[in-house]
Amino acid sequence: MAAPPFAPLPASQRLTITGLGGLADGIARLPTGEVVLVAGGVPGDEATVRFSSRSKGILRADLETLHQPSAERAQPACSAFGQCGGCDLQHVTLEAQRRHKLSWLQRALGRDAPVARLAGDVQPQGHRRRARLHLRRVGRGMGLGLLQARSDQLAFVKNCLALDPQLEALRRQVPPLLAQAIDTGELMAVVGRQGVIAALSGRPTRELDLQLAQQLTAERLAKDWGLAGLTVHIGRFEDAWGLSEVDLPEVDGPLAVGVDARGFCQASAEANRQIRLVLAEQLASLGPFDRVQEWYAGSGNLTGLLLQTAPRIRAIESDLGACDRLQRSLDAAGASQQVEVVCSPVEQALSLPRGRELWLLDPGRIGARDLAEQAGAAPPAAMLYVSCALDTLGRDLAVLRQAGMRVADAVLIDAFPWTVHSEAVVTLVHDANPRIAESVQG
Ligand SMILES: C[S@@+](CC[C@H](N)C(=O)[O-])C[C@H]1O[C@@H](n2cnc3c(N)ncnc32)[C@H](O)[C@@H]1O
């Protein structure tokens with residue numbers, strides 16, 4: 001007979017880890033059926049774990065003794081693994097990471113969905129070309145880097161392997177002037193075709209006097225850091241120098257895609273290349289449409305792929321700077337008659353499908369609940385859902401399936417290797433549109 005759910009536990013217990021959780025914990029089950037999340041556990045590990053807490057029926061534990069390590073275990077490449085909040089899966093082989101992410105995607109797709117596939121490999125070394133780095137006092141100087149997991153303190157990282165080498169060089173040489181000027185701050189930086197641009201913001205020190213502030217020009221800091229452009233915002237002091245946007249090098253037309261240091265772009269250029277490739281293939285197999293609505297369009301990273309798909313495109317995006325860059329790219333490419341840029345939150349720009357319509361959506365981690373509900377009331381002929389969060393993807397797909405949309409294909413892009421995160425492109429069709437459903441199956 002199973003023990004009652006809140007039976008007293010021994011301090012530690014030997015068990016086998018059987019799964020990997022979405023927050024990088026190993027998952028095991030006790031004979032009572034209770035779930036244990038084991039920090040640092042890898043599926044296949046035989047271990048004795050020490051219980052640390054029990055809340056809402058979930059037990060948490062730490063590894064005490066690893067009797068038989070899993071074949072999925074890897075030696076973390078970074079000496080700061082476990083302390084730095086940046087990479088949480090370096091203790092799992094890359095092959096196993098991808099397998100687990102594929103299984104999470106499969107679960108999000110729901111019953112009767114086709115088997116999800118992997119686009120290609122994204123090599124983890126130096127893949128991050130966009131980063132939010134934190135400035136913190138370290139002794140008498142100033143450190144720049146990633147934070148420790150669940151902490152406001154900098155992780156001590158000798159050599160960050162995930163950052164693009166140009167960002168890593170930036171991280172390692174903080175201009176000494178900054179330590180006198182700010183207490184804490186952040187630097188958002190992106191590597192583009194024309195070089196690295198960044199946005200620096202910080203809380204000024206009490207000692208920051210006029211004389212020092214006058215030396216803190218964006219030009220001087222940018223030159224110290226080797227940047228192509230920099231904006232500075234320290235207290236009431238604001239300055240800017242050089243380029244305010246750079247182009248994504250992996251996008252070779254028909255629209256140039258400009259990004260600024262604060263706005264969104266895919267963190268890995270190779271992952272973005274793969275996402276764009278998958279979408280291009282899907283668009284070719286779906287065939288032409290009367291209209292496309294592109295939700296969460298950003299500065300047009302995916303808009304250029306749509307120009308051959310429909311005579312009318314409506315691109316919806318809430319960030320003013322991104323809308324402006326998209327509009328300028330459309331003007332330069334002579335495509336502004338075809339694409340209407342709607343600078344608005346998606347929730348305030350919902351519009352029913354007209355004729356044979358495709359929806360391409362690429363929301364942030366919170367997903368697109370309103371859009372899924374709208375599609376529930378009046379589904380478009382097909383949808384291409386680009387997701388960076390498999391939990392909200394699963395929630396939205398459940399609504400879309402209720403509305404009669406069927407998952408026709410799903411591809412995982414391992415855009416954030418060494419972490420639990422990924423991107424997915426899911427193709428949905430509405431079976432009331434048999435021509436589309438057939439073309440995708442074929
Ligand atoms: C994941 S990014 C995708 C951008 C673009 N598709 C790309 O590939 O670069 C999500 C975008 O949605 C925008 N966004 C976030 N919430 C929004 C909302 N409620 N309505 C409209 N756009 C929103 C963000 O500014 C961002 O540009």
# chains A, B, ... in the order shown; residues from 1 in each chain; ligands from 1
>>> closest_atom_pairs(of="chain A", to="ligand 1", cutoff="7 Å", atoms="only C-alpha atoms and all ligand atoms", output="CSV")
residue,atom,partner,partner_atom_place_in_ligand_line,distance
A:Gly263,CA,ligand 1,27 (O),7.0
A:Phe264,CA,ligand 1,27 (O),5.4
A:Cys265,CA,ligand 1,9 (O),4.7
A:Gln266,CA,ligand 1,9 (O),6.1
A:Trp295,CA,ligand 1,21 (C),6.8
A:Tyr296,CA,ligand 1,12 (O),3.8
A:Ala297,CA,ligand 1,6 (N),4.2
A:Gly298,CA,ligand 1,27 (O),3.5
A:Ser299,CA,ligand 1,9 (O),6.2
A:Gly300,CA,ligand 1,5 (C),6.2
A:Asn301,CA,ligand 1,8 (O),4.6
A:Leu302,CA,ligand 1,8 (O),5.6
A:Ile316,CA,ligand 1,21 (C),6.0
A:Glu317,CA,ligand 1,22 (N),3.9
A:Ser318,CA,ligand 1,21 (C),4.0
A:Asp319,CA,ligand 1,25 (O),4.7
A:Ala322,CA,ligand 1,27 (O),6.7
A:Ser344,CA,ligand 1,21 (C),5.9
A:Pro345,CA,ligand 1,20 (N),3.2
A:Val346,CA,ligand 1,20 (N),3.8
A:Glu347,CA,ligand 1,19 (N),6.1
A:Asp362,CA,ligand 1,3 (C),5.0
A:Pro363,CA,ligand 1,10 (C),4.6
A:Gly364,CA,ligand 1,1 (C),4.3
>>> select_by_dssp(residues="segment 273-382 of chain A", states="alpha helix (DSSP H)", output="VMD selection string")
chain A and resid 273 to 286 320 to 333 369 to 377
>>> write_last_selection(atoms="N, CA and C atoms", output="compact mmCIF listing (two decimals), in the first residue's frame")
# COMPACT_ATOMS: atom_id res chain seq x y z
N ARG A 273 19.59 32.02 -38.50
CA ARG A 273 19.69 31.51 -39.89
C ARG A 273 18.82 30.26 -40.03
N GLN A 274 18.86 29.40 -39.01
CA GLN A 274 18.08 28.15 -39.08
C GLN A 274 16.58 28.43 -38.99
N ILE A 275 16.19 29.35 -38.12
CA ILE A 275 14.76 29.69 -37.99
C ILE A 275 14.25 30.20 -39.34
N ARG A 276 15.02 31.10 -39.95
CA ARG A 276 14.61 31.69 -41.23
C ARG A 276 14.52 30.62 -42.32
N LEU A 277 15.47 29.68 -42.28
CA LEU A 277 15.47 28.59 -43.27
C LEU A 277 14.23 27.71 -43.12
N VAL A 278 13.92 27.34 -41.89
CA VAL A 278 12.74 26.49 -41.63
C VAL A 278 11.48 27.23 -42.10
N LEU A 279 11.39 28.52 -41.78
CA LEU A 279 10.20 29.28 -42.18
C LEU A 279 10.10 29.36 -43.70
N ALA A 280 11.23 29.57 -44.36
CA ALA A 280 11.21 29.67 -45.83
C ALA A 280 10.69 28.35 -46.42
N GLU A 281 11.13 27.22 -45.87
CA GLU A 281 10.66 25.91 -46.36
C GLU A 281 9.16 25.76 -46.13
N GLN A 282 8.72 26.13 -44.94
CA GLN A 282 7.30 25.99 -44.62
C GLN A 282 6.44 26.88 -45.51
N LEU A 283 6.91 28.11 -45.74
CA LEU A 283 6.15 29.04 -46.59
C LEU A 283 6.05 28.48 -48.00
N ALA A 284 7.14 27.88 -48.49
CA ALA A 284 7.11 27.31 -49.85
C ALA A 284 6.09 26.19 -49.92
N SER A 285 6.01 25.37 -48.86
CA SER A 285 5.07 24.24 -48.94
C SER A 285 3.63 24.66 -48.68
N LEU A 286 3.43 25.75 -47.98
CA LEU A 286 2.04 26.18 -47.71
C LEU A 286 1.40 26.86 -48.93
N LEU A 320 8.36 51.09 -30.70
CA LEU A 320 8.40 52.20 -31.66
C LEU A 320 9.67 52.18 -32.50
N GLY A 321 10.81 51.95 -31.84
CA GLY A 321 12.09 51.94 -32.56
C GLY A 321 12.12 50.83 -33.60
N ALA A 322 11.61 49.63 -33.23
CA ALA A 322 11.60 48.50 -34.16
C ALA A 322 10.69 48.81 -35.35
N CYS A 323 9.52 49.42 -35.07
CA CYS A 323 8.59 49.78 -36.16
C CYS A 323 9.27 50.76 -37.12
N ASP A 324 9.98 51.71 -36.55
CA ASP A 324 10.65 52.72 -37.37
C ASP A 324 11.71 52.06 -38.26
N ARG A 325 12.49 51.14 -37.68
CA ARG A 325 13.53 50.48 -38.49
C ARG A 325 12.90 49.63 -39.57
N LEU A 326 11.80 48.94 -39.23
CA LEU A 326 11.11 48.11 -40.24
C LEU A 326 10.59 49.00 -41.37
N GLN A 327 9.98 50.12 -41.00
CA GLN A 327 9.43 51.00 -42.04
C GLN A 327 10.54 51.51 -42.96
N ARG A 328 11.68 51.88 -42.38
CA ARG A 328 12.79 52.38 -43.21
C ARG A 328 13.32 51.29 -44.14
N SER A 329 13.40 50.04 -43.64
CA SER A 329 13.87 48.94 -44.50
C SER A 329 12.89 48.69 -45.64
N LEU A 330 11.59 48.78 -45.32
CA LEU A 330 10.57 48.56 -46.36
C LEU A 330 10.67 49.66 -47.42
N ASP A 331 10.85 50.90 -46.96
CA ASP A 331 10.97 52.02 -47.91
C ASP A 331 12.18 51.79 -48.82
N ALA A 332 13.31 51.39 -48.20
CA ALA A 332 14.54 51.21 -48.98
C ALA A 332 14.39 50.08 -50.00
N ALA A 333 13.59 49.06 -49.66
CA ALA A 333 13.41 47.91 -50.57
C ALA A 333 12.23 48.12 -51.52
N ARG A 369 -1.56 34.41 -25.79
CA ARG A 369 -2.85 33.90 -25.36
C ARG A 369 -4.01 34.59 -26.09
N ASP A 370 -3.96 35.93 -26.15
CA ASP A 370 -5.07 36.67 -26.78
C ASP A 370 -5.23 36.29 -28.25
N LEU A 371 -4.07 36.13 -28.89
CA LEU A 371 -4.10 35.80 -30.31
C LEU A 371 -4.67 34.40 -30.52
N ALA A 372 -4.28 33.46 -29.65
CA ALA A 372 -4.79 32.10 -29.75
C ALA A 372 -6.30 32.10 -29.55
N GLU A 373 -6.76 32.91 -28.59
CA GLU A 373 -8.21 32.96 -28.34
C GLU A 373 -8.95 33.58 -29.52
N GLN A 374 -8.34 34.61 -30.09
CA GLN A 374 -8.93 35.24 -31.28
C GLN A 374 -9.01 34.21 -32.42
N ALA A 375 -7.92 33.43 -32.60
CA ALA A 375 -7.92 32.41 -33.65
C ALA A 375 -8.97 31.36 -33.34
N GLY A 376 -9.23 31.14 -32.05
CA GLY A 376 -10.27 30.20 -31.66
C GLY A 376 -11.62 30.62 -32.20
N ALA A 377 -11.88 31.93 -32.19
CA ALA A 377 -13.17 32.43 -32.67
C ALA A 377 -13.22 32.43 -34.20
>>> residues_around(residues="Ile366 of chain A", least_positions_apart="3", cutoff="10 Å", atoms="only C-alpha atoms", output="VMD selection string")
chain A and resid 363 369 387 to 389 391 to 393
>>> write_last_selection(atoms="N, CA, C and O atoms", output="PDB file, in the first residue's frame")
ATOM      1  N   PRO A 363       6.003  35.564 -30.579  1.00  0.00           N
ATOM      2  CA  PRO A 363       5.908  36.322 -29.320  1.00  0.00           C
ATOM      3  C   PRO A 363       7.107  36.080 -28.409  1.00  0.00           C
ATOM      4  O   PRO A 363       7.905  35.170 -28.638  1.00  0.00           O
ATOM      5  N   ARG A 369      -1.558  34.413 -25.785  1.00  0.00           N
ATOM      6  CA  ARG A 369      -2.854  33.897 -25.356  1.00  0.00           C
ATOM      7  C   ARG A 369      -4.014  34.586 -26.088  1.00  0.00           C
ATOM      8  O   ARG A 369      -4.917  33.914 -26.598  1.00  0.00           O
ATOM      9  N   SER A 387       8.259  30.039 -31.394  1.00  0.00           N
ATOM     10  CA  SER A 387       8.155  30.138 -29.933  1.00  0.00           C
ATOM     11  C   SER A 387       9.530  30.029 -29.278  1.00  0.00           C
ATOM     12  O   SER A 387      10.373  29.239 -29.704  1.00  0.00           O
ATOM     13  N   CYS A 388       9.720  30.811 -28.205  1.00  0.00           N
ATOM     14  CA  CYS A 388      10.954  30.675 -27.407  1.00  0.00           C
ATOM     15  C   CYS A 388      10.618  30.139 -26.015  1.00  0.00           C
ATOM     16  O   CYS A 388      11.461  30.165 -25.130  1.00  0.00           O
ATOM     17  N   ALA A 389       9.379  29.668 -25.808  1.00  0.00           N
ATOM     18  CA  ALA A 389       8.986  29.169 -24.481  1.00  0.00           C
ATOM     19  C   ALA A 389       7.992  28.029 -24.675  1.00  0.00           C
ATOM     20  O   ALA A 389       6.833  28.258 -25.038  1.00  0.00           O
ATOM     21  N   ASP A 391       6.468  26.135 -22.622  1.00  0.00           N
ATOM     22  CA  ASP A 391       5.299  26.046 -21.735  1.00  0.00           C
ATOM     23  C   ASP A 391       4.142  26.886 -22.280  1.00  0.00           C
ATOM     24  O   ASP A 391       3.001  26.417 -22.380  1.00  0.00           O
ATOM     25  N   THR A 392       4.429  28.137 -22.651  1.00  0.00           N
ATOM     26  CA  THR A 392       3.327  28.968 -23.159  1.00  0.00           C
ATOM     27  C   THR A 392       2.918  28.505 -24.563  1.00  0.00           C
ATOM     28  O   THR A 392       1.753  28.623 -24.935  1.00  0.00           O
ATOM     29  N   LEU A 393       3.866  27.923 -25.298  1.00  0.00           N
ATOM     30  CA  LEU A 393       3.504  27.346 -26.599  1.00  0.00           C
ATOM     31  C   LEU A 393       2.462  26.254 -26.390  1.00  0.00           C
ATOM     32  O   LEU A 393       1.423  26.213 -27.077  1.00  0.00           O
TER      33      LEU A 393
END
>>> select_by_dssp(residues="segment 222-285 of chain A", states="strand (DSSP E or B)", output="list in words")
Gly229, Leu230, Thr231, Val232, His233, Ile234, Phe237, Glu238, Asp239, Ala240, Trp241, Gly242, Val246, Asp247, Gly258 and Val259 of chain A
>>> write_last_selection(atoms="N, CA, C and O atoms", output="PDB file, in the first residue's frame")
ATOM      1  N   GLY A 229      29.316  52.121 -31.530  1.00  0.00           N
ATOM      2  CA  GLY A 229      28.333  53.106 -31.081  1.00  0.00           C
ATOM      3  C   GLY A 229      27.968  52.839 -29.634  1.00  0.00           C
ATOM      4  O   GLY A 229      28.000  51.681 -29.176  1.00  0.00           O
ATOM      5  N   LEU A 230      27.635  53.899 -28.896  1.00  0.00           N
ATOM      6  CA  LEU A 230      27.292  53.731 -27.475  1.00  0.00           C
ATOM      7  C   LEU A 230      26.321  54.824 -27.058  1.00  0.00           C
ATOM      8  O   LEU A 230      26.481  55.990 -27.432  1.00  0.00           O
ATOM      9  N   THR A 231      25.314  54.445 -26.261  1.00  0.00           N
ATOM     10  CA  THR A 231      24.504  55.447 -25.574  1.00  0.00           C
ATOM     11  C   THR A 231      24.795  55.306 -24.084  1.00  0.00           C
ATOM     12  O   THR A 231      25.015  54.192 -23.593  1.00  0.00           O
ATOM     13  N   VAL A 232      24.824  56.444 -23.391  1.00  0.00           N
ATOM     14  CA  VAL A 232      25.144  56.441 -21.964  1.00  0.00           C
ATOM     15  C   VAL A 232      24.013  57.137 -21.216  1.00  0.00           C
ATOM     16  O   VAL A 232      23.534  58.186 -21.652  1.00  0.00           O
ATOM     17  N   HIS A 233      23.605  56.528 -20.109  1.00  0.00           N
ATOM     18  CA  HIS A 233      22.530  57.094 -19.300  1.00  0.00           C
ATOM     19  C   HIS A 233      22.888  56.834 -17.838  1.00  0.00           C
ATOM     20  O   HIS A 233      22.653  55.742 -17.321  1.00  0.00           O
ATOM     21  N   ILE A 234      23.518  57.828 -17.212  1.00  0.00           N
ATOM     22  CA  ILE A 234      23.931  57.674 -15.808  1.00  0.00           C
ATOM     23  C   ILE A 234      23.281  58.796 -15.013  1.00  0.00           C
ATOM     24  O   ILE A 234      23.651  59.964 -15.163  1.00  0.00           O
ATOM     25  N   PHE A 237      22.702  62.244 -16.509  1.00  0.00           N
ATOM     26  CA  PHE A 237      23.671  62.449 -17.577  1.00  0.00           C
ATOM     27  C   PHE A 237      23.366  61.517 -18.760  1.00  0.00           C
ATOM     28  O   PHE A 237      23.278  60.305 -18.592  1.00  0.00           O
ATOM     29  N   GLU A 238      23.186  62.082 -19.939  1.00  0.00           N
ATOM     30  CA  GLU A 238      22.905  61.270 -21.136  1.00  0.00           C
ATOM     31  C   GLU A 238      23.818  61.703 -22.264  1.00  0.00           C
ATOM     32  O   GLU A 238      24.077  62.893 -22.431  1.00  0.00           O
ATOM     33  N   ASP A 239      24.297  60.720 -23.019  1.00  0.00           N
ATOM     34  CA  ASP A 239      25.152  61.051 -24.152  1.00  0.00           C
ATOM     35  C   ASP A 239      25.069  59.904 -25.158  1.00  0.00           C
ATOM     36  O   ASP A 239      24.687  58.781 -24.808  1.00  0.00           O
ATOM     37  N   ALA A 240      25.426  60.186 -26.385  1.00  0.00           N
ATOM     38  CA  ALA A 240      25.426  59.141 -27.422  1.00  0.00           C
ATOM     39  C   ALA A 240      26.537  59.432 -28.406  1.00  0.00           C
ATOM     40  O   ALA A 240      26.869  60.592 -28.669  1.00  0.00           O
ATOM     41  N   TRP A 241      27.105  58.360 -28.931  1.00  0.00           N
ATOM     42  CA  TRP A 241      28.171  58.521 -29.934  1.00  0.00           C
ATOM     43  C   TRP A 241      28.112  57.344 -30.921  1.00  0.00           C
ATOM     44  O   TRP A 241      27.821  56.221 -30.530  1.00  0.00           O
ATOM     45  N   GLY A 242      28.398  57.628 -32.166  1.00  0.00           N
ATOM     46  CA  GLY A 242      28.563  56.568 -33.169  1.00  0.00           C
ATOM     47  C   GLY A 242      27.238  55.998 -33.637  1.00  0.00           C
ATOM     48  O   GLY A 242      26.196  56.656 -33.603  1.00  0.00           O
ATOM     49  N   VAL A 246      22.790  48.500 -35.897  1.00  0.00           N
ATOM     50  CA  VAL A 246      23.640  47.698 -36.793  1.00  0.00           C
ATOM     51  C   VAL A 246      22.744  46.670 -37.480  1.00  0.00           C
ATOM     52  O   VAL A 246      21.656  46.345 -36.996  1.00  0.00           O
ATOM     53  N   ASP A 247      23.226  46.164 -38.606  1.00  0.00           N
ATOM     54  CA  ASP A 247      22.441  45.172 -39.356  1.00  0.00           C
ATOM     55  C   ASP A 247      22.809  43.756 -38.931  1.00  0.00           C
ATOM     56  O   ASP A 247      23.962  43.483 -38.573  1.00  0.00           O
ATOM     57  N   GLY A 258      17.769  45.963 -39.170  1.00  0.00           N
ATOM     58  CA  GLY A 258      18.582  46.755 -38.245  1.00  0.00           C
ATOM     59  C   GLY A 258      18.131  46.511 -36.814  1.00  0.00           C
ATOM     60  O   GLY A 258      16.938  46.344 -36.545  1.00  0.00           O
ATOM     61  N   VAL A 259      19.096  46.459 -35.898  1.00  0.00           N
ATOM     62  CA  VAL A 259      18.750  46.297 -34.479  1.00  0.00           C
ATOM     63  C   VAL A 259      19.505  47.340 -33.669  1.00  0.00           C
ATOM     64  O   VAL A 259      20.583  47.781 -34.064  1.00  0.00           O
TER      65      VAL A 259
END
>>> closest_atom_pairs(of="segment 231-272 of chain A", to="segment 408-417 of chain A", cutoff="12 Å", atoms="only C-alpha atoms", output="CSV")
residue,atom,partner,partner_atom,distance
A:Gln266,CA,A:Ala415,CA,8.3
A:Ala267,CA,A:Ala415,CA,7.8
A:Ser268,CA,A:Ala415,CA,6.4
A:Ala269,CA,A:Ala415,CA,9.0
A:Glu270,CA,A:Ala415,CA,7.9
A:Ala271,CA,A:Ala415,CA,4.9
A:Asn272,CA,A:Ala415,CA,7.9
>>> write_last_selection(atoms="C-alpha atoms", output="short mmCIF file (atom, residue, chain, number, x, y, z; two decimals), in the first residue's frame")
data_model
loop_
_atom_site.label_atom_id
_atom_site.label_comp_id
_atom_site.auth_asym_id
_atom_site.auth_seq_id
_atom_site.Cartn_x
_atom_site.Cartn_y
_atom_site.Cartn_z
CA GLN A 266 17.88 36.43 -31.85
CA ALA A 267 20.82 35.91 -29.49
CA SER A 268 22.52 33.50 -31.90
CA ALA A 269 23.09 34.39 -35.56
CA GLU A 270 23.30 30.70 -36.52
CA ALA A 271 19.99 29.94 -34.76
CA ASN A 272 18.37 32.85 -36.58
#
